[in-house]
$ cat my_file.tsv   # TSV, C-alpha atoms and all ligand atoms
chain	number	residue	atom	x	y	z
A	1	MET	CA	122.01	69.84	91.67
A	2	THR	CA	121.49	73.54	90.97
A	3	ILE	CA	121.33	76.37	93.50
A	4	SER	CA	118.96	79.32	93.09
A	5	GLN	CA	120.00	82.96	93.20
A	6	HIS	CA	118.82	84.91	96.26
A	7	VAL	CA	115.27	85.20	94.98
A	8	LEU	CA	113.62	83.81	98.12
A	9	ASP	CA	115.33	86.16	100.59
A	10	TYR	CA	113.17	88.59	102.54
A	11	HIS	CA	113.13	92.39	102.07
A	12	GLY	CA	116.33	94.29	102.71
A	13	ASN	CA	116.15	97.77	104.24
A	14	ASN	CA	117.77	99.35	101.20
A	15	THR	CA	117.52	98.39	97.57
A	16	ILE	CA	118.87	99.51	94.21
A	17	PHE	CA	117.14	98.33	91.05
A	18	GLN	CA	118.89	98.77	87.70
A	19	VAL	CA	117.67	98.05	84.17
A	20	TRP	CA	120.32	97.91	81.43
A	21	VAL	CA	119.99	97.79	77.65
A	22	PHE	CA	122.87	96.59	75.46
A	23	LYS	CA	124.25	99.10	72.97
A	24	PRO	CA	123.71	98.11	69.33
A	25	GLN	CA	126.57	96.93	67.12
A	26	LEU	CA	128.76	95.71	69.96
A	27	SER	CA	129.98	92.35	71.13
A	28	VAL	CA	128.48	91.87	74.59
A	29	LYS	CA	129.26	88.27	75.46
A	30	GLU	CA	132.55	88.89	77.25
A	31	ALA	CA	131.05	91.65	79.38
A	32	PHE	CA	128.16	89.32	80.21
A	33	MET	CA	130.59	86.60	81.32
A	34	ARG	CA	132.37	89.15	83.53
A	35	ILE	CA	129.04	90.29	85.01
A	36	CYS	CA	128.08	86.71	85.87
A	37	ALA	CA	131.41	86.27	87.68
A	38	LEU	CA	130.98	89.64	89.39
A	39	VAL	CA	127.48	88.84	90.70
A	40	ASP	CA	128.82	85.64	92.25
A	41	ASN	CA	131.76	87.56	93.75
A	42	LEU	CA	129.51	90.34	95.14
A	43	ASN	CA	127.20	87.83	96.83
A	44	ASN	CA	130.09	85.89	98.37
A	45	SER	CA	131.87	89.03	99.48
A	46	GLY	CA	128.70	90.60	100.94
A	47	GLN	CA	128.01	87.52	103.03
A	48	ASN	CA	131.61	87.16	104.15
A	49	ARG	CA	132.23	90.81	105.05
A	50	PHE	CA	128.80	91.70	106.47
A	51	PRO	CA	127.15	88.39	107.46
A	52	ASP	CA	124.10	90.05	109.04
A	53	SER	CA	123.44	92.60	106.34
A	54	GLY	CA	121.53	90.37	103.90
A	55	ALA	CA	123.59	91.92	101.10
A	56	THR	CA	122.66	90.21	97.85
A	57	CYS	CA	122.42	90.84	94.13
A	58	VAL	CA	120.11	88.98	91.73
A	59	LEU	CA	120.67	89.11	87.96
A	60	GLY	CA	117.77	88.83	85.51
A	61	ILE	CA	118.05	88.41	81.72
A	62	GLY	CA	115.47	89.62	79.17
A	63	HIS	CA	114.19	87.61	76.18
A	64	ASP	CA	116.06	89.55	73.47
A	65	ALA	CA	119.29	89.55	75.47
A	66	TRP	CA	118.97	85.80	75.88
A	67	LEU	CA	118.95	85.39	72.09
A	68	ARG	CA	121.69	87.94	71.48
A	69	LEU	CA	123.93	86.23	74.03
A	70	ASP	CA	123.40	82.79	72.47
A	71	LEU	CA	122.15	81.40	75.75
A	72	PRO	CA	120.75	77.86	75.62
A	73	ARG	CA	117.76	76.84	73.47
A	74	PRO	CA	115.03	76.04	74.00
A	75	LEU	CA	114.50	79.07	76.21
A	76	PRO	CA	112.81	78.89	79.62
A	77	LEU	CA	109.22	77.89	78.79
A	78	GLU	CA	107.53	81.21	79.59
A	79	LEU	CA	110.33	83.69	78.76
A	80	GLU	CA	109.00	86.21	76.25
A	81	ASN	CA	108.91	89.97	75.76
A	82	PHE	CA	106.20	91.37	78.01
A	83	ARG	CA	103.32	92.72	75.93
A	84	PRO	CA	101.20	95.67	77.12
A	85	ILE	CA	97.90	94.94	78.85
A	86	THR	CA	95.35	97.56	77.95
A	87	GLY	CA	92.19	97.98	79.99
A	88	ALA	CA	89.38	100.46	79.41
A	89	LYS	CA	91.07	103.02	81.67
A	90	HIS	CA	94.60	101.90	82.56
A	91	THR	CA	97.48	100.25	80.70
A	92	ALA	CA	100.35	98.07	81.90
A	93	VAL	CA	103.00	99.35	79.51
A	94	ALA	CA	105.83	97.19	78.17
A	95	THR	CA	109.33	98.68	78.22
A	96	ALA	CA	112.81	97.56	77.19
A	97	GLY	CA	115.35	95.74	79.34
A	98	ASP	CA	118.23	93.36	78.65
A	99	LEU	CA	119.60	92.91	82.18
A	100	HIS	CA	118.04	93.61	85.57
A	101	PHE	CA	119.89	93.92	88.87
A	102	HIS	CA	118.11	93.64	92.21
A	103	ILE	CA	120.56	94.71	94.88
A	104	LYS	CA	119.61	94.77	98.56
A	105	GLY	CA	121.14	95.00	101.99
A	106	SER	CA	120.70	96.65	105.35
A	107	GLN	CA	123.46	99.17	104.62
A	108	PRO	CA	123.02	101.63	101.73
A	109	GLY	CA	126.81	101.71	101.34
A	110	ILE	CA	126.97	98.03	100.33
A	111	CYS	CA	124.19	98.54	97.78
A	112	PHE	CA	125.94	101.60	96.39
A	113	ASP	CA	129.26	99.77	95.98
A	114	MET	CA	127.59	96.80	94.29
A	115	ALA	CA	125.82	99.12	91.82
A	116	ALA	CA	129.10	100.95	91.18
A	117	ALA	CA	130.96	97.69	90.43
A	118	ILE	CA	128.20	96.56	88.04
A	119	THR	CA	128.24	99.94	86.30
A	120	ALA	CA	132.02	99.86	85.87
A	121	THR	CA	131.76	96.43	84.22
A	122	LEU	CA	128.82	97.14	81.93
A	123	SER	CA	128.92	100.77	80.91
A	124	THR	CA	131.08	100.31	77.81
A	125	VAL	CA	128.61	97.85	76.28
A	126	ALA	CA	125.25	98.86	77.78
A	127	ASP	CA	123.23	101.84	79.03
A	128	CYS	CA	121.49	101.95	82.38
A	129	ILE	CA	118.00	103.16	81.43
A	130	GLU	CA	116.43	102.91	84.89
A	131	GLU	CA	117.86	103.14	88.38
A	132	VAL	CA	115.61	103.27	91.43
A	133	HIS	CA	116.81	103.52	95.04
A	134	GLY	CA	114.18	101.98	97.32
A	135	PHE	CA	114.00	102.17	101.10
A	136	ARG	CA	112.07	100.41	103.84
A	137	TYR	CA	109.27	102.75	104.91
A	138	TRP	CA	108.36	102.30	108.58
A	139	ASP	CA	107.09	98.76	109.22
A	140	GLY	CA	107.30	97.72	105.57
A	141	ARG	CA	104.64	100.09	104.23
A	142	SER	CA	104.26	101.27	100.69
A	143	ILE	CA	104.57	105.03	100.28
A	144	LEU	CA	100.74	105.09	100.27
A	145	GLY	CA	100.85	104.08	103.95
A	146	PHE	CA	99.66	100.44	103.76
A	147	VAL	CA	101.86	97.49	104.78
A	148	ASP	CA	103.03	95.70	101.61
A	149	GLY	CA	104.07	92.04	101.53
A	150	THR	CA	101.88	90.53	104.27
A	151	GLU	CA	100.23	87.79	102.20
A	152	ASN	CA	103.48	86.71	100.54
A	153	PRO	CA	104.24	82.98	100.82
A	154	HIS	CA	106.33	82.20	103.89
A	155	GLY	CA	108.64	79.37	104.98
A	156	ASP	CA	108.77	76.26	102.78
A	157	GLU	CA	106.00	77.65	100.54
A	158	ARG	CA	108.40	80.22	99.11
A	159	ALA	CA	110.43	77.79	97.02
A	160	GLY	CA	107.30	76.09	95.69
A	161	PHE	CA	105.86	79.37	94.40
A	162	GLY	CA	109.12	81.16	93.55
A	163	LEU	CA	111.31	78.56	91.83
A	164	ILE	CA	110.97	76.41	88.71
A	165	GLY	CA	110.87	72.69	89.45
A	166	ASP	CA	111.00	69.55	87.28
A	167	GLU	CA	108.39	70.94	84.84
A	168	ASP	CA	111.24	72.78	83.05
A	169	ALA	CA	114.19	70.71	84.26
A	170	ALA	CA	116.88	72.57	82.27
A	171	TYR	CA	116.00	75.74	84.21
A	172	LYS	CA	115.28	74.20	87.61
A	173	ASN	CA	115.69	76.70	90.48
A	174	GLY	CA	115.42	79.63	88.09
A	175	SER	CA	112.60	82.15	88.44
A	176	TYR	CA	110.55	84.56	86.32
A	177	LEU	CA	111.25	88.12	87.40
A	178	PHE	CA	108.69	90.79	86.55
A	179	VAL	CA	109.10	94.50	87.35
A	180	GLN	CA	107.02	97.66	87.04
A	181	LYS	CA	107.88	101.16	88.20
A	182	TYR	CA	104.71	102.83	89.49
A	183	ILE	CA	104.32	106.55	90.20
A	184	HIS	CA	101.60	107.34	92.74
A	185	ASN	CA	99.36	110.38	92.90
A	186	LEU	CA	100.03	110.77	96.59
A	187	MET	CA	98.11	114.01	96.90
A	188	ALA	CA	94.92	112.48	95.47
A	189	PHE	CA	95.28	109.36	97.65
A	190	SER	CA	95.97	111.40	100.80
A	191	SER	CA	92.86	113.48	100.18
A	192	LEU	CA	90.70	110.34	100.65
A	193	THR	CA	89.45	109.55	104.14
A	194	VAL	CA	91.20	106.61	105.82
A	195	GLU	CA	88.00	104.56	105.33
A	196	GLU	CA	88.08	105.26	101.57
A	197	GLN	CA	91.80	104.42	101.40
A	198	GLU	CA	91.12	101.11	103.12
A	199	LYS	CA	88.54	100.24	100.46
A	200	VAL	CA	91.21	100.79	97.78
A	201	PHE	CA	93.35	98.00	99.24
A	202	GLY	CA	90.74	95.88	101.05
A	203	ARG	CA	92.76	96.01	104.28
A	204	TYR	CA	92.66	98.17	107.42
A	205	LYS	CA	95.44	100.75	107.42
A	206	MET	CA	96.82	100.76	110.97
A	207	SER	CA	96.26	97.10	111.89
A	208	ASP	CA	97.13	95.61	108.44
A	209	ILE	CA	94.16	93.25	108.87
A	210	GLU	CA	92.17	92.08	105.85
A	211	MET	CA	88.55	93.27	105.49
A	212	PRO	CA	85.87	90.60	105.74
A	213	ASP	CA	84.67	89.49	102.29
A	214	ASN	CA	81.21	90.98	102.81
A	215	ILE	CA	82.74	94.44	103.30
A	216	LYS	CA	85.72	94.28	100.92
A	217	PRO	CA	84.81	96.00	97.60
A	218	ALA	CA	85.06	93.88	94.42
A	219	ASN	CA	87.51	96.42	92.95
A	220	ALA	CA	89.85	96.42	95.98
A	221	HIS	CA	93.47	95.65	95.12
A	222	ILE	CA	93.62	92.39	97.06
A	223	ALA	CA	90.23	91.22	95.77
A	224	LEU	CA	91.65	91.29	92.22
A	225	ALA	CA	95.29	90.35	92.90
A	226	ASN	CA	94.35	87.24	94.89
A	227	ILE	CA	93.73	84.58	92.23
A	228	GLY	CA	93.58	81.61	94.61
A	229	ASP	CA	95.76	79.82	97.14
A	230	GLU	CA	97.37	77.66	94.42
A	231	PHE	CA	98.69	80.71	92.55
A	232	LYS	CA	101.06	82.89	94.51
A	233	ILE	CA	104.18	84.91	93.76
A	234	ILE	CA	107.06	86.31	95.83
A	235	ARG	CA	106.73	90.11	95.93
A	236	ASP	CA	109.64	92.28	97.07
A	237	ASN	CA	108.27	95.78	96.34
A	238	MET	CA	110.07	98.86	97.61
A	239	PRO	CA	108.91	102.46	97.94
A	240	PHE	CA	110.95	105.32	96.55
A	241	GLY	CA	110.48	109.05	96.62
A	242	ASN	CA	111.87	112.31	95.35
A	243	MET	CA	110.01	115.27	96.85
A	244	GLY	CA	111.76	117.84	94.65
A	245	ALA	CA	110.71	116.07	91.47
A	246	ASN	CA	107.30	115.15	92.95
A	247	GLU	CA	107.99	111.51	92.03
A	248	MET	CA	106.77	109.10	94.67
A	249	GLY	CA	106.21	105.49	93.85
A	250	THR	CA	106.47	101.75	94.25
A	251	TYR	CA	108.99	99.57	92.43
A	252	PHE	CA	106.94	96.40	91.98
A	253	ILE	CA	109.11	93.29	91.70
A	254	ALA	CA	107.89	89.71	91.71
A	255	TYR	CA	109.61	86.34	91.40
A	256	ALA	CA	107.44	83.47	90.23
A	257	ARG	CA	107.61	79.84	89.19
A	258	THR	CA	105.37	80.67	86.20
A	259	PHE	CA	104.95	84.01	84.47
A	260	SER	CA	101.34	83.11	83.61
A	261	THR	CA	100.48	83.55	87.32
A	262	VAL	CA	101.74	87.14	87.29
A	263	LYS	CA	100.00	87.74	83.95
A	264	LYS	CA	96.65	86.58	85.37
A	265	MET	CA	97.01	89.03	88.28
A	266	LEU	CA	97.83	91.85	85.86
A	267	ASP	CA	94.83	90.99	83.66
A	268	ASN	CA	92.57	91.12	86.71
A	269	MET	CA	94.03	94.44	87.81
A	270	PHE	CA	94.12	96.25	84.44
A	271	ILE	CA	91.29	94.69	82.42
A	272	GLY	CA	89.24	93.76	85.46
A	273	SER	CA	87.33	90.74	86.70
A	274	PRO	CA	84.76	90.77	85.29
A	275	PRO	CA	86.15	93.10	82.57
A	276	GLY	CA	85.54	96.70	83.61
A	277	ASN	CA	85.88	95.94	87.33
A	278	TYR	CA	89.51	97.09	87.37
A	279	ASP	CA	91.78	97.63	90.39
A	280	ARG	CA	90.93	100.88	92.19
A	281	LEU	CA	94.61	101.19	93.18
A	282	LEU	CA	95.37	102.05	89.54
A	283	ASP	CA	93.38	105.30	89.85
A	284	PHE	CA	96.27	106.46	92.08
A	285	SER	CA	99.17	104.62	90.40
A	286	ILE	CA	100.59	104.86	86.87
A	287	ALA	CA	102.79	102.04	85.57
A	288	LYS	CA	105.73	103.78	83.86
A	289	THR	CA	107.64	100.60	83.02
A	290	GLY	CA	106.94	96.88	82.67
A	291	THR	CA	109.51	94.21	81.79
A	292	LEU	CA	109.84	90.46	82.12
A	293	PHE	CA	113.23	88.90	82.89
A	294	PHE	CA	114.44	85.45	83.82
A	295	ALA	CA	116.64	84.95	86.89
A	296	PRO	CA	118.46	81.67	86.17
A	297	SER	CA	119.96	79.57	88.93
A	298	ALA	CA	123.27	80.66	90.48
A	299	THR	CA	124.74	77.47	89.01
A	300	PHE	CA	123.73	78.63	85.52
A	301	LEU	CA	125.44	81.99	86.11
A	302	SER	CA	128.65	80.37	87.25
A	303	ASP	CA	128.63	78.15	84.12
A	304	ALA	CA	128.07	81.30	82.04
A	305	ALA	CA	131.01	83.01	83.76
A	306	SER	CA	133.30	80.23	82.59
A	307	GLY	CA	131.79	80.22	79.09
A	308	ASP	CA	130.28	76.73	79.45
A	309	ILE	CA	126.68	77.65	78.82
A	310	PHE	CA	126.58	79.19	75.37
A	311	GLN	CA	125.05	77.58	72.30
A	312	PRO	CA	127.53	75.58	70.17
A	313	ASP	CA	126.99	78.09	67.35
A	314	THR	CA	128.43	80.77	69.63
A	315	GLY	CA	128.56	84.18	68.02
A	316	LYS	CA	125.69	83.68	65.59
A	317	ASN	CA	123.75	86.58	67.04
A	318	GLU	CA	126.75	88.60	68.08
A	319	VAL	CA	127.77	91.68	66.13
A	320	LEU	CA	131.33	92.92	66.26
A	321	PRO	CA	132.19	96.62	66.57
A	322	ASN	CA	132.78	96.84	62.80
A	323	GLY	CA	129.20	95.65	62.21
A	324	SER	CA	130.09	92.16	60.90
A	325	SER	CA	128.95	88.93	62.55
A	326	SER	CA	131.48	87.00	64.63
B	401	LIG	C1	101.03	100.05	92.55
B	401	LIG	C2	101.80	99.07	92.96
B	401	LIG	C3	101.37	98.14	94.07
B	401	LIG	C4	101.23	98.42	95.40
B	401	LIG	C5	101.51	99.76	96.12
B	401	LIG	C6	100.79	97.21	96.04
B	401	LIG	C7	100.53	97.10	97.40
B	401	LIG	C8	99.95	95.99	97.97
B	401	LIG	C9	99.51	95.91	99.34
B	401	LIG	C10	99.62	97.06	100.35
B	401	LIG	C11	99.00	94.69	99.55
B	401	LIG	C12	98.37	94.15	100.85
B	401	LIG	C13	99.34	93.48	101.76
B	401	LIG	C14	100.03	92.28	101.19
B	401	LIG	O1	99.52	91.16	101.25
B	401	LIG	O2	101.10	92.45	100.63
B	401	LIG	C15	99.14	93.96	98.32
B	401	LIG	C16	98.76	92.64	98.12
B	401	LIG	C17	98.98	91.94	96.97
B	401	LIG	N1	99.45	92.42	95.78
B	401	LIG	FE1	99.98	94.34	95.41
B	401	LIG	N2	100.67	96.24	95.09
B	401	LIG	C18	101.00	96.76	93.87
B	401	LIG	C19	100.99	96.11	92.66
B	401	LIG	C20	100.76	94.76	92.49
B	401	LIG	C21	100.87	94.03	91.24
B	401	LIG	C22	101.27	94.68	89.90
B	401	LIG	C23	100.59	92.73	91.52
B	401	LIG	C24	100.58	91.51	90.61
B	401	LIG	C25	101.03	91.47	89.39
B	401	LIG	C26	100.28	92.64	92.93
B	401	LIG	C27	99.98	91.46	93.59
B	401	LIG	C28	99.55	91.39	94.90
B	401	LIG	C29	99.14	90.16	95.55
B	401	LIG	C30	99.14	88.76	94.93
B	401	LIG	C31	98.75	90.50	96.85
B	401	LIG	C32	98.23	89.56	97.93
B	401	LIG	C33	96.73	89.39	97.77
B	401	LIG	C34	96.18	88.49	98.86
B	401	LIG	O3	96.36	87.28	98.75
B	401	LIG	O4	95.59	89.02	99.80
B	401	LIG	N3	100.39	93.88	93.49
B	401	LIG	N4	99.71	94.78	97.37

$ encode --input "my_file.tsv" --output "structure tokens"
Amino acid sequence: MTISQHVLDYHGNNTIFQVWVFKPQLSVKEAFMRICALVDNLNNSGQNRFPDSGATCVLGIGHDAWLRLDLPRPLPLELENFRPITGAKHTAVATAGDLHFHIKGSQPGICFDMAAAITATLSTVADCIEEVHGFRYWDGRSILGFVDGTENPHGDERAGFGLIGDEDAAYKNGSYLFVQKYIHNLMAFSSLTVEEQEKVFGRYKMSDIEMPDNIKPANAHIALANIGDEFKIIRDNMPFGNMGANEMGTYFIAYARTFSTVKKMLDNMFIGSPPGNYDRLLDFSIAKTGTLFFAPSATFLSDAASGDIFQPDTGKNEVLPNGSSS
């Protein structure tokens, strides 16, 4: 019996996202084992010290890191390096990432301390190439002013859409974790009338109610992102903003039972359905990053912490500081 990480939890009020890349020519396995133990410790401590804060940390592992760490083979069925999706006008770029941390909680202080502990453990063997501090904006709105998350699966549906089942039994209760950092052109979006903004999403702004199909444009975000009731994902997006740097955006994060579901949504948005009918939201949003990770079960992480999970040929892909193989 395996237990999932906190991938099905609802939004926290504060979030820190971190993407780390291992330094070359270093042995990283021991640090990884310590990180797995630390994530378990942080989750237990958060729940014990602040039971109502929803303080959690989810660890995701990228394809190349999986190989370098000698994690089990075969790999999770759909774990690969994300490849760019290029439409006629907009591109979903692919960027590097070995480890991803999704930290959330109602208190920013808890999130800050978790990120600090992770950084202290990893910084000798890896570089943090992306750190985004997200916050809950009013009643769960994106920084563009529309409520984000409404059509997420709820209740018992969440596990069915968010967690791997018997189809990949070795990774049961794991989840595919896909992230993109979007920067919005807030000035251009704000210059639209509210009616025009509503057509971008296909929902009414104040009420958060969906437009009827005969009014909703074919290039509205939800017209393209909705690929049918059988294919859903768990989105946990957070807005972020830095007025001084004029950098306002959405950190898109999704957990899914299959990556192909997310990929189909991205194809619809960037290439269009039919091709050319791309997502109007992209005219106001640039994807700066795009990386696929795998969030294994919590049970897998605790086995990794004790060294029980690695391939028998441990060290094959590891490189010691002097450049030789271990
Ligand atoms: C620029 C970044 C994005 C923003 C600001 C954004 C915002 C929103 C908003 C406001 C909604 C309507 C309310 C809701 O149901 O949540 C929505 C729906 C949705 N979005 Fe996004 N989104 C973004 C990117 C994406 C991406 C990259 C995907 C998929 C890969 C995606 C998948 C979905 C899905 C599946 C829905 C629900 C559609 C439905 O069933 O009605 N979104 N999004």

$ atom_distance --input "my_file.tsv" --atom1 "CA of Gly60 (chain A)" --atom2 "CA of Pro296 (chain A)"
7.2 Å

$ atom_distance --input "my_file.tsv" --atom1 "CA of Gly276 (chain A)" --atom2 "CA of Ala92 (chain A)"
15.0 Å

$ residues_near_ligand --input "my_file.tsv" --ligand "ligand LIG 401 (chain B)" --cutoff "7 Å" --atoms "all atoms listed in the file" --output "list in words"
Ser142, Leu144, Phe146, Val147, Asp148, Gly149, Thr150, Glu151, Asn152, Tyr182, Phe201, Arg203, His221, Ile222, Ala225, Asn226, Lys232, Ile233, Thr250, Phe252, Val262, Lys263, Met265, Leu266, Leu281, Leu282 and Ser285 of chain A

$ atom_distance --input "my_file.tsv" --atom1 "CA of Ile35 (chain A)" --atom2 "CA of Met114 (chain A)"
11.4 Å

$ residues_around --input "my_file.tsv" --residues "Met1 (chain A)" --least-positions-apart "3" --cutoff "12 Å" --atoms "all atoms listed in the file" --output "PyMOL selection string"
chain A and resi 4+165-166+169-173+297-300

$ closest_residue --input "my_file.tsv" --among "A:Ile227, A:Ile253, A:Leu77, A:Ala88" --to "Glu167 (chain A)" --atoms "all atoms listed in the file"
A:Leu77

$ residues_around --input "my_file.tsv" --residues "Lys199 (chain A)" --least-positions-apart "3" --cutoff "12 Å" --atoms "only C-alpha atoms" --output "PyMOL selection string"
chain A and resi 146+189+192-196+202-205+210-213+215-223+279-281

$ closest_residue --input "my_file.tsv" --among "A:Asn43, A:Leu75, A:Leu59, A:Leu8" --to "Leu301 (chain A)" --atoms "all atoms listed in the file"
A:Leu59

$ closest_residue --input "my_file.tsv" --among "A:Asn81, A:Ser106, A:Asn185, A:Ser123" --to "Met248 (chain A)" --atoms "all atoms listed in the file"
A:Asn185

$ closest_residue --input "my_file.tsv" --among "A:Asp40, A:Asp9, A:Glu198, A:Asp127" --to "His154 (chain A)" --atoms "only C-alpha atoms"
A:Asp9

$ closest_residue --input "my_file.tsv" --among "A:Thr258, A:Gln25, A:Asn242, A:Asn44" --to "Leu292 (chain A)" --atoms "all atoms listed in the file"
A:Thr258
